[in-house]
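Data block for target_10.pdb (PDB, C-alpha atoms):
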```pdb
ATOM      1  CA  MET U   7     120.695  80.308 112.025  1.00  0.00           C
ATOM      2  CA  SER U   8     121.154  82.719 109.114  1.00  0.00           C
ATOM      3  CA  ARG U   9     118.432  85.063 107.893  1.00  0.00           C
ATOM      4  CA  ALA U  10     118.218  83.131 104.620  1.00  0.00           C
ATOM      5  CA  ALA U  11     117.623  79.884 106.522  1.00  0.00           C
ATOM      6  CA  LEU U  12     114.889  81.491 108.620  1.00  0.00           C
ATOM      7  CA  VAL U  13     113.192  82.820 105.487  1.00  0.00           C
ATOM      8  CA  CYS U  14     113.342  79.376 103.871  1.00  0.00           C
ATOM      9  CA  LEU U  15     111.827  77.754 106.970  1.00  0.00           C
ATOM     10  CA  ALA U  16     109.076  80.357 107.025  1.00  0.00           C
ATOM     11  CA  LEU U  17     108.236  79.572 103.401  1.00  0.00           C
ATOM     12  CA  LEU U  18     107.810  75.843 103.954  1.00  0.00           C
ATOM     13  CA  PRO U  19     104.151  74.935 104.423  1.00  0.00           C
ATOM     14  CA  GLY U  20     103.415  73.424 107.799  1.00  0.00           C
ATOM     15  CA  LEU U  21     106.371  74.983 109.607  1.00  0.00           C
ATOM     16  CA  GLY U  22     105.860  78.025 111.772  1.00  0.00           C
ATOM     17  CA  CYS U  23     102.344  78.477 110.420  1.00  0.00           C
ATOM     18  CA  SER U  24     100.855  80.370 113.361  1.00  0.00           C
ATOM     19  CA  TRP U  25     101.740  82.405 116.407  1.00  0.00           C
ATOM     20  CA  GLN U  26      99.879  84.609 118.804  1.00  0.00           C
ATOM     21  CA  VAL U  27     100.369  87.458 121.205  1.00  0.00           C
ATOM     22  CA  GLU U  28      98.124  88.721 123.971  1.00  0.00           C
ATOM     23  CA  ARG U  29      98.217  91.767 126.207  1.00  0.00           C
ATOM     24  CA  SER U  30      95.708  92.615 128.933  1.00  0.00           C
ATOM     25  CA  ILE U  31      95.093  95.687 131.050  1.00  0.00           C
ATOM     26  CA  GLU U  32      92.735  96.762 133.819  1.00  0.00           C
ATOM     27  CA  ILE U  33      90.794  99.941 133.055  1.00  0.00           C
ATOM     28  CA  GLN U  34      88.997 101.936 135.742  1.00  0.00           C
ATOM     29  CA  ALA U  35      85.922 102.539 133.602  1.00  0.00           C
ATOM     30  CA  SER U  36      82.834 100.503 132.801  1.00  0.00           C
ATOM     31  CA  PRO U  37      82.707  98.257 129.728  1.00  0.00           C
ATOM     32  CA  ALA U  38      80.178 100.740 128.255  1.00  0.00           C
ATOM     33  CA  VAL U  39      82.688 103.601 128.527  1.00  0.00           C
ATOM     34  CA  VAL U  40      85.600 101.509 127.199  1.00  0.00           C
ATOM     35  CA  TRP U  41      83.400 100.319 124.304  1.00  0.00           C
ATOM     36  CA  SER U  42      82.398 103.889 123.450  1.00  0.00           C
ATOM     37  CA  VAL U  43      86.072 104.820 123.014  1.00  0.00           C
ATOM     38  CA  LEU U  44      87.077 101.601 121.226  1.00  0.00           C
ATOM     39  CA  SER U  45      84.183 101.636 118.766  1.00  0.00           C
ATOM     40  CA  ASP U  46      84.460 105.318 117.758  1.00  0.00           C
ATOM     41  CA  LEU U  47      86.742 104.870 114.737  1.00  0.00           C
ATOM     42  CA  GLU U  48      86.583 108.541 113.757  1.00  0.00           C
ATOM     43  CA  ALA U  49      88.182 109.529 117.085  1.00  0.00           C
ATOM     44  CA  TYR U  50      91.146 107.111 116.931  1.00  0.00           C
ATOM     45  CA  ASP U  51      93.451 110.003 116.057  1.00  0.00           C
ATOM     46  CA  GLU U  52      92.549 111.630 119.398  1.00  0.00           C
ATOM     47  CA  TRP U  53      93.760 108.763 121.596  1.00  0.00           C
ATOM     48  CA  ASN U  54      95.320 105.864 119.655  1.00  0.00           C
ATOM     49  CA  SER U  55      99.022 106.360 118.931  1.00  0.00           C
ATOM     50  CA  TYR U  56      99.432 102.808 117.540  1.00  0.00           C
ATOM     51  CA  SER U  57      96.570 103.049 115.029  1.00  0.00           C
ATOM     52  CA  PRO U  58      95.792 106.761 114.728  1.00  0.00           C
ATOM     53  CA  SER U  59      93.670 106.310 111.621  1.00  0.00           C
ATOM     54  CA  ALA U  60      90.707 103.947 111.357  1.00  0.00           C
ATOM     55  CA  GLU U  61      87.761 104.165 109.024  1.00  0.00           C
ATOM     56  CA  GLY U  62      85.034 101.858 107.855  1.00  0.00           C
ATOM     57  CA  GLU U  63      81.983  99.956 109.012  1.00  0.00           C
ATOM     58  CA  LEU U  64      81.999  98.263 112.427  1.00  0.00           C
ATOM     59  CA  ALA U  65      79.546  95.499 111.587  1.00  0.00           C
ATOM     60  CA  PRO U  66      80.112  91.815 110.821  1.00  0.00           C
ATOM     61  CA  GLY U  67      81.300  91.643 107.208  1.00  0.00           C
ATOM     62  CA  GLY U  68      82.219  95.338 107.184  1.00  0.00           C
ATOM     63  CA  VAL U  69      85.647  96.584 106.154  1.00  0.00           C
ATOM     64  CA  VAL U  70      87.812  98.704 108.441  1.00  0.00           C
ATOM     65  CA  THR U  71      91.054 100.234 107.187  1.00  0.00           C
ATOM     66  CA  ILE U  72      93.594 101.081 109.843  1.00  0.00           C
ATOM     67  CA  GLU U  73      96.989 102.706 109.851  1.00  0.00           C
ATOM     68  CA  ALA U  74      99.339 100.721 112.089  1.00  0.00           C
ATOM     69  CA  ARG U  75     102.572 102.241 113.367  1.00  0.00           C
ATOM     70  CA  LEU U  76     105.088  99.435 113.684  1.00  0.00           C
ATOM     71  CA  GLY U  77     108.036 101.330 115.108  1.00  0.00           C
ATOM     72  CA  GLU U  78     109.253 103.633 112.341  1.00  0.00           C
ATOM     73  CA  GLU U  79     107.177 101.791 109.721  1.00  0.00           C
ATOM     74  CA  VAL U  80     103.580 102.738 108.937  1.00  0.00           C
ATOM     75  CA  ARG U  81     101.259 100.187 107.293  1.00  0.00           C
ATOM     76  CA  ARG U  82      97.695 100.608 106.053  1.00  0.00           C
ATOM     77  CA  VAL U  83      95.768  97.391 106.540  1.00  0.00           C
ATOM     78  CA  ASP U  84      92.282  96.498 105.314  1.00  0.00           C
ATOM     79  CA  ASN U  85      90.371  94.289 107.752  1.00  0.00           C
ATOM     80  CA  ARG U  86      87.153  92.297 107.563  1.00  0.00           C
ATOM     81  CA  VAL U  87      85.087  92.688 110.735  1.00  0.00           C
ATOM     82  CA  THR U  88      84.165  89.259 112.101  1.00  0.00           C
ATOM     83  CA  ARG U  89      82.554  90.046 115.451  1.00  0.00           C
ATOM     84  CA  VAL U  90      80.917  93.068 117.036  1.00  0.00           C
ATOM     85  CA  GLU U  91      79.381  92.512 120.462  1.00  0.00           C
ATOM     86  CA  PRO U  92      78.875  95.938 122.065  1.00  0.00           C
ATOM     87  CA  GLU U  93      80.596  96.248 125.436  1.00  0.00           C
ATOM     88  CA  ARG U  94      82.064  92.734 124.988  1.00  0.00           C
ATOM     89  CA  SER U  95      84.082  92.020 121.851  1.00  0.00           C
ATOM     90  CA  LEU U  96      85.442  93.483 118.617  1.00  0.00           C
ATOM     91  CA  CYS U  97      87.313  91.252 116.140  1.00  0.00           C
ATOM     92  CA  TRP U  98      88.610  91.557 112.607  1.00  0.00           C
ATOM     93  CA  HIS U  99      91.117  89.890 110.299  1.00  0.00           C
ATOM     94  CA  SER U 100      93.425  91.310 107.679  1.00  0.00           C
ATOM     95  CA  MET U 101      92.256  90.949 104.088  1.00  0.00           C
ATOM     96  CA  ASN U 102      94.984  92.337 101.842  1.00  0.00           C
ATOM     97  CA  TRP U 103      96.050  90.641  98.602  1.00  0.00           C
ATOM     98  CA  PHE U 104      98.596  88.495 100.486  1.00  0.00           C
ATOM     99  CA  GLU U 105      95.989  87.041 102.862  1.00  0.00           C
ATOM    100  CA  PHE U 106      96.631  83.534 101.517  1.00  0.00           C
ATOM    101  CA  LEU U 107     100.248  83.874 102.727  1.00  0.00           C
ATOM    102  CA  VAL U 108      99.609  85.404 106.137  1.00  0.00           C
ATOM    103  CA  ARG U 109      96.510  86.620 107.907  1.00  0.00           C
ATOM    104  CA  GLY U 110      96.272  88.386 111.219  1.00  0.00           C
ATOM    105  CA  THR U 111      93.158  88.097 113.374  1.00  0.00           C
ATOM    106  CA  ARG U 112      92.811  90.612 116.205  1.00  0.00           C
ATOM    107  CA  CYS U 113      90.235  90.588 118.983  1.00  0.00           C
ATOM    108  CA  ARG U 114      89.645  93.023 121.787  1.00  0.00           C
ATOM    109  CA  ASP U 115      87.549  91.452 124.523  1.00  0.00           C
ATOM    110  CA  LEU U 116      86.053  93.429 127.417  1.00  0.00           C
ATOM    111  CA  GLU U 117      85.157  91.781 130.724  1.00  0.00           C
ATOM    112  CA  PRO U 118      83.671  93.478 133.778  1.00  0.00           C
ATOM    113  CA  SER U 119      86.183  93.430 136.650  1.00  0.00           C
ATOM    114  CA  ALA U 120      86.508  94.773 140.180  1.00  0.00           C
ATOM    115  CA  ALA U 121      88.442  97.746 138.765  1.00  0.00           C
ATOM    116  CA  GLY U 122      85.895  98.340 135.993  1.00  0.00           C
ATOM    117  CA  THR U 123      86.947  96.527 132.829  1.00  0.00           C
ATOM    118  CA  ARG U 124      89.607  94.023 131.892  1.00  0.00           C
ATOM    119  CA  LEU U 125      90.673  94.461 128.261  1.00  0.00           C
ATOM    120  CA  ARG U 126      92.177  91.395 126.592  1.00  0.00           C
ATOM    121  CA  HIS U 127      93.860  92.291 123.292  1.00  0.00           C
ATOM    122  CA  HIS U 128      94.736  89.143 121.332  1.00  0.00           C
ATOM    123  CA  GLU U 129      96.278  88.670 117.877  1.00  0.00           C
ATOM    124  CA  VAL U 130      96.908  85.457 115.924  1.00  0.00           C
ATOM    125  CA  MET U 131      99.024  85.304 112.748  1.00  0.00           C
ATOM    126  CA  GLU U 132      98.452  82.332 110.469  1.00  0.00           C
ATOM    127  CA  GLY U 133      99.697  81.159 107.098  1.00  0.00           C
ATOM    128  CA  PRO U 134     102.842  79.966 105.350  1.00  0.00           C
ATOM    129  CA  LEU U 135     104.622  83.280 106.025  1.00  0.00           C
ATOM    130  CA  ALA U 136     103.549  83.596 109.676  1.00  0.00           C
ATOM    131  CA  GLY U 137     107.029  82.579 110.847  1.00  0.00           C
ATOM    132  CA  LEU U 138     108.641  85.283 108.754  1.00  0.00           C
ATOM    133  CA  ILE U 139     106.174  87.895 110.016  1.00  0.00           C
ATOM    134  CA  GLU U 140     106.904  86.802 113.576  1.00  0.00           C
ATOM    135  CA  TRP U 141     110.643  87.164 113.028  1.00  0.00           C
ATOM    136  CA  VAL U 142     110.294  90.621 111.444  1.00  0.00           C
ATOM    137  CA  TYR U 143     107.329  92.171 113.278  1.00  0.00           C
ATOM    138  CA  ARG U 144     106.533  90.397 116.559  1.00  0.00           C
ATOM    139  CA  PRO U 145     108.374  92.807 118.899  1.00  0.00           C
ATOM    140  CA  ARG U 146     106.745  95.774 117.155  1.00  0.00           C
ATOM    141  CA  ILE U 147     103.283  94.182 117.265  1.00  0.00           C
ATOM    142  CA  GLU U 148     103.691  93.379 120.973  1.00  0.00           C
ATOM    143  CA  ALA U 149     104.774  96.962 121.664  1.00  0.00           C
ATOM    144  CA  GLY U 150     101.851  98.260 119.590  1.00  0.00           C
ATOM    145  CA  LEU U 151      99.290  96.215 121.519  1.00  0.00           C
ATOM    146  CA  GLU U 152     100.736  97.469 124.810  1.00  0.00           C
ATOM    147  CA  GLN U 153     100.683 101.058 123.554  1.00  0.00           C
ATOM    148  CA  MET U 154      97.117 100.838 122.286  1.00  0.00           C
ATOM    149  CA  ASN U 155      95.978  99.289 125.578  1.00  0.00           C
ATOM    150  CA  ALA U 156      97.634 102.096 127.559  1.00  0.00           C
ATOM    151  CA  ASP U 157      96.149 104.716 125.228  1.00  0.00           C
ATOM    152  CA  LEU U 158      92.674 103.199 125.531  1.00  0.00           C
ATOM    153  CA  LYS U 159      93.004 103.081 129.321  1.00  0.00           C
ATOM    154  CA  ARG U 160      93.946 106.782 129.442  1.00  0.00           C
ATOM    155  CA  ALA U 161      91.109 107.802 127.118  1.00  0.00           C
ATOM    156  CA  ALA U 162      88.431 105.722 128.879  1.00  0.00           C
ATOM    157  CA  GLU U 163      89.504 106.763 132.377  1.00  0.00           C
ATOM    158  CA  ALA U 164      89.442 110.425 131.341  1.00  0.00           C
ATOM    159  CA  ARG U 165      85.713 110.237 130.462  1.00  0.00           C
TER     160      ARG U 165
END
```

Give the structure from this file in structure tokens form.
Amino acid sequence: MSRAALVCLALLPGLGCSWQVERSIEIQASPAVVWSVLSDLEAYDEWNSYSPSAEGELAPGGVVTIEARLGEEVRRVDNRVTRVEPERSLCWHSMNWFEFLVRGTRCRDLEPSAAGTRLRHHEVMEGPLAGLIEWVYRPRIEAGLEQMNADLKRAAEAR
């Protein structure tokens, strides 16, 4: 199928309106230690190569602006925090002007495990342009989630 055809399909309401990606990793540190790294936005530049800049308020309804490195492309994304459960879960969704066309919701869930903590990093893209975003960005988003998980593991295990 041609690129033009894929773009047209992505623009049709009801077709390709959502997709998701999930990456998990075992971290040899307690949920409290993993949470302390994950929730310290000011220190993201010290450990997070996927999103080295994050600023804002980590509280439900708060806004967090991140810089996401999608391969060679860098995007600044404003996010509305939807859930903050210390040592358990952190979720937010994108809230830029094009939110009515596509919105990403990302959750990082922490579960105690035999190794210490299991991190489940999950993202859902929804909206009329979700199919187009999947076609253009999915491999880079998947790689970014894997990189952030590995970075978080290294930082938490070093504490």

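Here, the PyMOL selection byres ((chain U and resi 62) around 10) matches Leu47, Glu48, Ala60, Glu61, Glu63, Leu64, Ala65, Gly68, Val69, Val70, Thr71, Ile72, Asp84, Asn85, Arg86 and Val87 of chain U.
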
* Surrounding residues of range 43-45 of chain U excluding itself and chain neighbours under 4 positions, 8 Å, all atoms listed in the file, as a list in words -> Val39, Ala49, Leu64, Leu158, Ala161 and Ala162 of chain U

* Skipping near chain neighbours, those fewer than 5 positions away, what residues fall within 7 Å of Gly110 in chain U using only C-alpha atoms, listed as a VMD selection string? -> chain U and resid 99 to 100 129 to 132

Compile the contact shell of Ala120 in chain U as a PDB file with C-alpha atoms, in the frame of the given file: residues with an atom at most 12 Å away, counting all atoms listed in the file, same-chain residues fewer than 3 positions apart removed.
```pdb
ATOM      1  CA  GLU U  32      92.735  96.762 133.819  1.00  0.00           C
ATOM      2  CA  ILE U  33      90.794  99.941 133.055  1.00  0.00           C
ATOM      3  CA  GLN U  34      88.997 101.936 135.742  1.00  0.00           C
ATOM      4  CA  ALA U  35      85.922 102.539 133.602  1.00  0.00           C
ATOM      5  CA  SER U  36      82.834 100.503 132.801  1.00  0.00           C
ATOM      6  CA  PRO U  37      82.707  98.257 129.728  1.00  0.00           C
ATOM      7  CA  GLU U 117      85.157  91.781 130.724  1.00  0.00           C
ATOM      8  CA  THR U 123      86.947  96.527 132.829  1.00  0.00           C
ATOM      9  CA  ARG U 124      89.607  94.023 131.892  1.00  0.00           C
TER      10      ARG U 124
END
```

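If you measure from each of U:Cys23, U:Ala164, U:Ala149, U:Ala121 to Phe106 in chain U using all atoms listed in the file, the closest one turns out to be U:Cys23.
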
Sorted by chain and rising residue number, list the residues of range 77-117 of chain U at most 12 Å from range 24-31 of chain U (counting all atoms listed in the file), each with its closest atom pair and distance in Å to one decimal, as a Markdown table.
```
| residue | atom | partner | partner_atom | distance |
| --- | --- | --- | --- | --- |
| U:Leu107 | CA | U:Ser24 | CA | 11.2 |
| U:Val108 | CA | U:Ser24 | CA | 8.9 |
| U:Arg109 | CA | U:Ser24 | CA | 9.4 |
| U:Gly110 | CA | U:Gln26 | CA | 9.2 |
| U:Thr111 | CA | U:Gln26 | CA | 9.3 |
| U:Arg112 | CA | U:Val27 | CA | 9.6 |
| U:Cys113 | CA | U:Glu28 | CA | 9.5 |
| U:Arg114 | CA | U:Ser30 | CA | 9.4 |
| U:Asp115 | CA | U:Ser30 | CA | 9.3 |
| U:Leu116 | CA | U:Ser30 | CA | 9.8 |
| U:Glu117 | CA | U:Ile31 | CA | 10.7 |
```

* To do: Enter the distance from CA of Arg94 in chain U to CA of Ile139 in chain U, in Å, rounded to one decimal.
  => 28.8 Å

What are the centre and the three edge lengths of an axis-aligned box that wraps all atoms of range 110-116 of chain U in the file, given that 3 Å is added to every side, written as AutoDock Vina command-line options and rounded to one decimal in Å?
```
--center_x 91.2 --center_y 90.8 --center_z 119.3 --size_x 16.2 --size_y 11.3 --size_z 22.2
```

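Pairwise distance (CA of Met154 in chain U, CA of Gly137 in chain U) equals 23.7 Å.
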
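Put simply, CA of Ser55 in chain U is 20.8 Å away from CA of Val142 in chain U.
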
* Asked: U:Glu105, U:Val90, U:Arg82, U:Leu96: which is nearest Pro134 in chain U, counting all atoms listed in the file?
  -> U:Glu105

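Of the residues listed (U:Ser59, U:Gln153, U:Arg146, U:Gly122), U:Gly122 shows the shortest atom-to-atom separation from Val40 in chain U; distances use all atoms listed in the file.
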
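With only C-alpha atoms as the basis for measurement, U:Glu93 is the residue among U:Trp98, U:Glu93, U:Asp51, U:Phe104 that approaches Pro118 in chain U most closely.
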
* To do: Extract, using only C-alpha atoms, all DNA, RNA and protein residues at most 9 Å from Ala74 in chain U, discarding same-chain residues fewer than 4 positions from it, and format them as a ChimeraX atom specification.
  => /U:55-59,79-83,150

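Among the candidates U:Ser42, U:Asn102, U:Asn155, U:Thr88, the residue lying nearest to Arg126 in chain U is U:Asn155 (atoms considered: all atoms listed in the file).
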